[in-house]
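Right, one structure below, let's go through it.
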Amino acid sequence: MSATRLIARDELRLMVRNRVAVIAFTLLVLLTLVAVLSSWAHQRGNAELRARHQHVAEHAFDAQPDRHPHRVVHYGHFIFRPLGRLAAFDPGVDAFTGSSMFLEGHRQNTANFGDVRQSSLLVRFGQLTPAFVLQVVAPLLLIFLGYGALARETERGTMRLLMLQGASRGQVVRGKLLALGGVALLAGLPAMIGFVAIAGQPGALALPMAIIAIGYAAYLALWVVLILLVSASVRRSRDALLALVALWAVAVVLLPRVAPDLASAAVPLQNRLQTDVAIARDLRRMGDSHNPDDPHFAAFKQSVLKRYGVKQVEDLPVNYKGLLALEGERLTSELFDRYAGKSYAAQDRQNALVEGVGVLSPAIALRSLSMAAAGTDFAGHRRFLEQAEAYRYALVQRLNRMQAEAVSYSDDTATDADADRRKRVAADNWGQMPDFTYRAPSGAALAAGALPGLVIVLGWLAVAGLLLVRASRRLGERR
């Protein structure tokens with residue numbers, strides 16, 4: 001048996017003799033299994049709940065009686081974002097951004113009913129998911145198992161004895177790497193098995209799954225290398241433990257919490273109230289369709305009369321009030337899109353700053369990778385908002401067009417007792433409206449979004465590996 005394997009076997013024997021380490025490893029495996037099962041159950045329950053609510057909302061919309069189309073515009077419609085398969089592994093921002101939207105005319109609402117707001121306060125401190133266990137808990141376990149792997153040999157003077165017996169420095173380091181790497185593999189295996197079981201169903205996207213698997217494997221390998229690097233660079237095991245715990249606290253706990261606050265301070269973002277006030281101000285400046293002297297809508301009226309070759313709106317072959325609704329919705333939607341674009345741009349800059357801090361923290365890079373590949377990052381949330389707005393605009397304009405074509409102008413402006421009945425259209429029109437269908441991104445698109453985070457994690461691994469090679473050359477020397 002080679003010296004590398006002998007050293008690895010001896011290191012594993014020492015770990016097994018450490019009852020605290022064995023108990024900690026067992027608890028990690030149990031925690032991972034609980035995280036997998038609870039995440040799977042939570043995702044399945046959420047998916048069924050959203051599908052049921054979507055069915056109820058569609059039935060309520062289709063079951064409306066004969067109505068004026070503009071009343072249906074204000075009646076509105078609820079839509080729900082379906083959950084992706086990988087959301088059970090890493091829910092990302094979904095719990096905070098909301099899962100449903102109320103769509104109505106003249107307004108662009110935000111998503112509501114996020115899990116954090118609907119759950120107990122304990123949920124706000126973090127969800128127990130496989131991603132959380134691998135990102136936060138697994139590195140800490142590896143630290144307590146391997147902090148003294150090389151420092152212990154230097155501290156006790158056994159490193160020189162190993163070298164006198166023919167073992168090279170490289171063999172000693174590779175043996176320790178093999179032992180701690182095997183533990184890391186066993187620690188991550190339950191989460192990966194659960195990940196494959198949850199996501200690896202018919203229709204699953206193989207490329208994002210591969211990116212996630214590679215990213216977490218590289219992340220755990222990075223911690224193995226970092227642990228041995230620090231252990232090789234200090235004299236005593238105690239110093240290695242203190243340095244590694246400090247590194248874990250900064251990289252895994254502190255920076256991921258501080259980075260978003262720094263990004264928010266650097267790129268201020270208007271809140272919902274400020275945005276609504278600004279939109280209301282711009283809407284007043286835009287014009288009033290009910291004011292016949294308004295410059296924009298007066299010009300619009302003349303262009304409509306000229307297009308149809310008539311002199312007054314009563315002679316139009318279509319309902320002028322419906323045309324006004326079409327034009328008003330077009331203008332307001334352009335305004336909504338402009339403000340939404342500004343908000344998206346600011347949030348993109350904030351996320352770019354946070355990802356920039358990922359160069360200093362592999363945990364941030366891995367988190368970005370994981371959420372992007374799972375489709376639960378800000379880009380995924382934005383994708384839902386944009387599709388919802390496109391559907392809202394198409395639905396409202398279809399109803400406005402129905403008012404223009406199916407309701408006469410004379411009936412729409414009449415005030416007699418029977419006028420309300422004549423303004424209504426048949427109820428079967430509501431069932432002909434298309435339902436909202438969320439278009440999920442392709443596997444290639446998800447993988448492309450995760451690549452920057454993967455590059456950072458692999459870059460950390462490469463740099464740490466080079467530093468370990470350099471530090472291993474000084475093992476056994478007097479300091």
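Simple scheme: letters A, B, ... for chains in structure tokens order, numbers from 1 for residues in each chain, numbers from 1 for ligands in the order shown.
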
Can you list every residue of region 324-348 of chain A that has an atom at most 12 Å from region 249-265 of chain A, with its nearest atom pair and the distance in Å to one decimal, using only C-alpha atoms, ordered by chain then number, as a tab-separated table?
residue	atom	partner	partner_atom	distance
A:Ala346	CA	A:Ser264	CA	9.3
A:Gln347	CA	A:Ser264	CA	8.8
A:Asp348	CA	A:Ala263	CA	10.3

Those in region 48-116 of chain A with alpha helix (DSSP H) from DSSP, as a ChimeraX atom specification | /A:48-62,69-75,94-97,115-116

Please save N, CA and C atoms of the selected residues as a PDB file, in the first residue's frame.
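Final output, result.pdb:
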ATOM      1  N   GLU A  48     -48.862  22.326  -5.391  1.00  0.00           N
ATOM      2  CA  GLU A  48     -50.271  21.933  -5.435  1.00  0.00           C
ATOM      3  C   GLU A  48     -51.184  23.085  -5.027  1.00  0.00           C
ATOM      4  N   LEU A  49     -50.771  23.849  -4.016  1.00  0.00           N
ATOM      5  CA  LEU A  49     -51.579  24.982  -3.559  1.00  0.00           C
ATOM      6  C   LEU A  49     -51.696  26.040  -4.648  1.00  0.00           C
ATOM      7  N   ARG A  50     -50.591  26.349  -5.301  1.00  0.00           N
ATOM      8  CA  ARG A  50     -50.634  27.357  -6.358  1.00  0.00           C
ATOM      9  C   ARG A  50     -51.475  26.879  -7.535  1.00  0.00           C
ATOM     10  N   ALA A  51     -51.328  25.603  -7.908  1.00  0.00           N
ATOM     11  CA  ALA A  51     -52.127  25.077  -9.017  1.00  0.00           C
ATOM     12  C   ALA A  51     -53.618  25.116  -8.679  1.00  0.00           C
ATOM     13  N   ARG A  52     -53.958  24.807  -7.446  1.00  0.00           N
ATOM     14  CA  ARG A  52     -55.358  24.825  -7.046  1.00  0.00           C
ATOM     15  C   ARG A  52     -55.912  26.250  -7.055  1.00  0.00           C
ATOM     16  N   HIS A  53     -55.139  27.190  -6.517  1.00  0.00           N
ATOM     17  CA  HIS A  53     -55.586  28.586  -6.519  1.00  0.00           C
ATOM     18  C   HIS A  53     -55.701  29.130  -7.947  1.00  0.00           C
ATOM     19  N   GLN A  54     -54.781  28.721  -8.811  1.00  0.00           N
ATOM     20  CA  GLN A  54     -54.851  29.167 -10.203  1.00  0.00           C
ATOM     21  C   GLN A  54     -56.119  28.650 -10.872  1.00  0.00           C
ATOM     22  N   HIS A  55     -56.458  27.404 -10.600  1.00  0.00           N
ATOM     23  CA  HIS A  55     -57.675  26.826 -11.170  1.00  0.00           C
ATOM     24  C   HIS A  55     -58.913  27.575 -10.663  1.00  0.00           C
ATOM     25  N   VAL A  56     -58.925  27.883  -9.362  1.00  0.00           N
ATOM     26  CA  VAL A  56     -60.061  28.610  -8.791  1.00  0.00           C
ATOM     27  C   VAL A  56     -60.174  30.007  -9.403  1.00  0.00           C
ATOM     28  N   ALA A  57     -59.028  30.696  -9.567  1.00  0.00           N
ATOM     29  CA  ALA A  57     -59.045  32.041 -10.139  1.00  0.00           C
ATOM     30  C   ALA A  57     -59.537  32.013 -11.585  1.00  0.00           C
ATOM     31  N   GLU A  58     -59.087  31.041 -12.368  1.00  0.00           N
ATOM     32  CA  GLU A  58     -59.528  30.934 -13.761  1.00  0.00           C
ATOM     33  C   GLU A  58     -61.021  30.624 -13.842  1.00  0.00           C
ATOM     34  N   HIS A  59     -61.491  29.749 -12.959  1.00  0.00           N
ATOM     35  CA  HIS A  59     -62.924  29.414 -12.961  1.00  0.00           C
ATOM     36  C   HIS A  59     -63.759  30.639 -12.589  1.00  0.00           C
ATOM     37  N   ALA A  60     -63.304  31.411 -11.589  1.00  0.00           N
ATOM     38  CA  ALA A  60     -64.047  32.603 -11.176  1.00  0.00           C
ATOM     39  C   ALA A  60     -64.089  33.634 -12.305  1.00  0.00           C
ATOM     40  N   PHE A  61     -62.974  33.776 -13.026  1.00  0.00           N
ATOM     41  CA  PHE A  61     -62.947  34.729 -14.144  1.00  0.00           C
ATOM     42  C   PHE A  61     -63.890  34.287 -15.254  1.00  0.00           C
ATOM     43  N   ASP A  62     -63.858  33.001 -15.605  1.00  0.00           N
ATOM     44  CA  ASP A  62     -64.696  32.498 -16.691  1.00  0.00           C
ATOM     45  C   ASP A  62     -66.175  32.488 -16.314  1.00  0.00           C
ATOM     46  N   PRO A  69     -67.426  45.080 -20.915  1.00  0.00           N
ATOM     47  CA  PRO A  69     -66.007  44.670 -20.919  1.00  0.00           C
ATOM     48  C   PRO A  69     -65.132  45.476 -19.967  1.00  0.00           C
ATOM     49  N   HIS A  70     -65.452  46.783 -19.808  1.00  0.00           N
ATOM     50  CA  HIS A  70     -64.590  47.582 -18.938  1.00  0.00           C
ATOM     51  C   HIS A  70     -64.752  47.199 -17.478  1.00  0.00           C
ATOM     52  N   ARG A  71     -65.907  46.663 -17.099  1.00  0.00           N
ATOM     53  CA  ARG A  71     -66.061  46.154 -15.741  1.00  0.00           C
ATOM     54  C   ARG A  71     -65.178  44.930 -15.522  1.00  0.00           C
ATOM     55  N   VAL A  72     -65.016  44.134 -16.560  1.00  0.00           N
ATOM     56  CA  VAL A  72     -64.136  42.970 -16.458  1.00  0.00           C
ATOM     57  C   VAL A  72     -62.683  43.427 -16.330  1.00  0.00           C
ATOM     58  N   VAL A  73     -62.347  44.542 -16.971  1.00  0.00           N
ATOM     59  CA  VAL A  73     -60.999  45.106 -16.826  1.00  0.00           C
ATOM     60  C   VAL A  73     -60.704  45.398 -15.366  1.00  0.00           C
ATOM     61  N   HIS A  74     -61.672  45.943 -14.667  1.00  0.00           N
ATOM     62  CA  HIS A  74     -61.475  46.278 -13.256  1.00  0.00           C
ATOM     63  C   HIS A  74     -61.727  45.085 -12.342  1.00  0.00           C
ATOM     64  N   TYR A  75     -62.465  44.087 -12.814  1.00  0.00           N
ATOM     65  CA  TYR A  75     -62.649  42.867 -12.028  1.00  0.00           C
ATOM     66  C   TYR A  75     -61.294  42.180 -11.819  1.00  0.00           C
ATOM     67  N   ASP A  94     -37.461  33.184  -3.799  1.00  0.00           N
ATOM     68  CA  ASP A  94     -38.895  32.962  -3.987  1.00  0.00           C
ATOM     69  C   ASP A  94     -39.700  33.197  -2.719  1.00  0.00           C
ATOM     70  N   ALA A  95     -39.140  32.833  -1.580  1.00  0.00           N
ATOM     71  CA  ALA A  95     -39.877  32.981  -0.325  1.00  0.00           C
ATOM     72  C   ALA A  95     -40.090  34.441   0.056  1.00  0.00           C
ATOM     73  N   PHE A  96     -39.330  35.340  -0.557  1.00  0.00           N
ATOM     74  CA  PHE A  96     -39.398  36.750  -0.187  1.00  0.00           C
ATOM     75  C   PHE A  96     -40.093  37.608  -1.238  1.00  0.00           C
ATOM     76  N   THR A  97     -40.134  37.138  -2.486  1.00  0.00           N
ATOM     77  CA  THR A  97     -40.642  37.979  -3.573  1.00  0.00           C
ATOM     78  C   THR A  97     -42.123  37.808  -3.833  1.00  0.00           C
ATOM     79  N   ASP A 115     -43.687  33.353   1.044  1.00  0.00           N
ATOM     80  CA  ASP A 115     -43.737  32.378   2.134  1.00  0.00           C
ATOM     81  C   ASP A 115     -43.299  32.986   3.462  1.00  0.00           C
ATOM     82  N   VAL A 116     -42.324  33.902   3.419  1.00  0.00           N
ATOM     83  CA  VAL A 116     -41.815  34.489   4.662  1.00  0.00           C
ATOM     84  C   VAL A 116     -42.906  35.271   5.366  1.00  0.00           C
TER      85      VAL A 116
END

Per residue of region 127-222 of chain A within 9 Å of region 452-456 of chain A, which atom pair is closest and at what distance in Å (one decimal), using only C-alpha atoms, listed by chain and increasing number, as CSV?
residue,atom,partner,partner_atom,distance
A:Ile211,CA,A:Leu454,CA,7.7
A:Ile212,CA,A:Leu454,CA,8.7
A:Ile214,CA,A:Leu454,CA,8.1
A:Gly215,CA,A:Leu454,CA,5.7
A:Ala218,CA,A:Leu454,CA,8.5

What would the file look like if the residues just selected were written as a compact mmCIF listing (two decimals), in the first residue's frame with C-alpha atoms?
# COMPACT_ATOMS: atom_id res chain seq x y z
CA ILE A 211 -23.76 22.88 -12.92
CA ILE A 212 -25.16 22.65 -9.38
CA ILE A 214 -20.10 20.59 -10.03
CA GLY A 215 -20.42 23.85 -8.11
CA ALA A 218 -15.91 22.34 -6.04

One decimal place gives the CA of Asp239 (chain A)-CA of Gln171 (chain A) separation as 23.7 Å

Sorted by chain and rising residue number, which residues of region 46-154 of chain A lie within 8 Å of region 370-387 of chain A, and what are their closest atom pairs and distances in Å to one decimal, counting only C-alpha atoms, as a tab-separated table?
residue	atom	partner	partner_atom	distance
A:Arg81	CA	A:Phe384	CA	6.9
A:Gly84	CA	A:Gly375	CA	7.3
A:Arg85	CA	A:Ala374	CA	7.9
A:Leu86	CA	A:Ala374	CA	4.9
A:Ala87	CA	A:Ala374	CA	5.9
A:Phe89	CA	A:Ala374	CA	7.8
A:Asp90	CA	A:Met371	CA	6.3
A:Pro91	CA	A:Thr376	CA	5.9
A:Gly92	CA	A:Thr376	CA	4.9
A:Val93	CA	A:Asp377	CA	5.8
A:Asp94	CA	A:Thr376	CA	6.1
A:Thr97	CA	A:His381	CA	7.3
A:Thr110	CA	A:Leu385	CA	7.8
A:Ala111	CA	A:Leu385	CA	7.7
A:Ala131	CA	A:Ser370	CA	7.8

query = Could you pull the residues within 10 Å of region 16-23 of chain A, counting only C-alpha atoms, minus those fewer than 2 positions along the same chain, as a ChimeraX atom specification?
reply = /A:10-14,25-29,141-142,144-146

Output the selection as a tab-separated table (two decimals), in the first residue's frame - C-alpha atoms for each residue.
chain	number	residue	atom	x	y	z
A	10	ASP	CA	-4.45	6.65	9.61
A	11	GLU	CA	-6.14	10.06	9.43
A	12	LEU	CA	-9.55	8.47	9.00
A	13	ARG	CA	-8.85	6.18	11.97
A	14	LEU	CA	-8.14	9.21	14.12
A	25	PHE	CA	-21.00	13.86	11.18
A	26	THR	CA	-24.04	11.72	12.00
A	27	LEU	CA	-26.03	14.81	12.91
A	28	LEU	CA	-25.02	16.45	9.64
A	29	VAL	CA	-26.26	13.46	7.65
A	141	LEU	CA	-18.04	20.20	10.16
A	142	LEU	CA	-15.03	19.79	7.87
A	144	PHE	CA	-13.66	20.67	13.16
A	145	LEU	CA	-12.64	17.37	11.58
A	146	GLY	CA	-9.56	18.54	9.72

* To do: Rounded to one decimal place, report the CA of Val172 (chain A)-CA of Thr4 (chain A) distance in Å.
  =>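 Spanning CA of Val172 (chain A) to CA of Thr4 (chain A) is a straight-line distance of 6.3 Å.
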
I want to know what sits within 9 Å of Arg235 (chain A), based on only C-alpha atoms, with residues of the same chain fewer than 4 positions away left out; could you give that as a PDB file with N, CA and C atoms, in the first residue's frame?
ATOM      1  N   ALA A 151      -1.237  20.623  11.108  1.00  0.00           N
ATOM      2  CA  ALA A 151      -0.667  21.345  12.253  1.00  0.00           C
ATOM      3  C   ALA A 151      -0.325  20.383  13.386  1.00  0.00           C
ATOM      4  N   ARG A 152      -1.126  19.334  13.531  1.00  0.00           N
ATOM      5  CA  ARG A 152      -0.867  18.353  14.587  1.00  0.00           C
ATOM      6  C   ARG A 152       0.463  17.639  14.358  1.00  0.00           C
ATOM      7  N   THR A 154       3.053  18.830  12.761  1.00  0.00           N
ATOM      8  CA  THR A 154       4.134  19.780  13.034  1.00  0.00           C
ATOM      9  C   THR A 154       4.278  20.035  14.527  1.00  0.00           C
ATOM     10  N   GLU A 155       3.157  20.149  15.205  1.00  0.00           N
ATOM     11  CA  GLU A 155       3.159  20.455  16.629  1.00  0.00           C
ATOM     12  C   GLU A 155       3.794  19.326  17.438  1.00  0.00           C
ATOM     13  N   SER A 231      -3.917  24.692   8.070  1.00  0.00           N
ATOM     14  CA  SER A 231      -3.280  23.751   8.981  1.00  0.00           C
ATOM     15  C   SER A 231      -1.794  23.612   8.695  1.00  0.00           C
ATOM     16  N   ASP A 239      -4.298  27.270  16.812  1.00  0.00           N
ATOM     17  CA  ASP A 239      -4.255  28.432  15.934  1.00  0.00           C
ATOM     18  C   ASP A 239      -4.989  28.156  14.620  1.00  0.00           C
ATOM     19  N   ALA A 240      -4.840  26.933  14.133  1.00  0.00           N
ATOM     20  CA  ALA A 240      -5.534  26.572  12.890  1.00  0.00           C
ATOM     21  C   ALA A 240      -7.041  26.616  13.079  1.00  0.00           C
ATOM     22  N   ARG A 479      10.351  26.745  12.718  1.00  0.00           N
ATOM     23  CA  ARG A 479       9.884  28.114  12.514  1.00  0.00           C
ATOM     24  C   ARG A 479      10.178  28.951  13.748  1.00  0.00           C
TER      25      ARG A 479
END
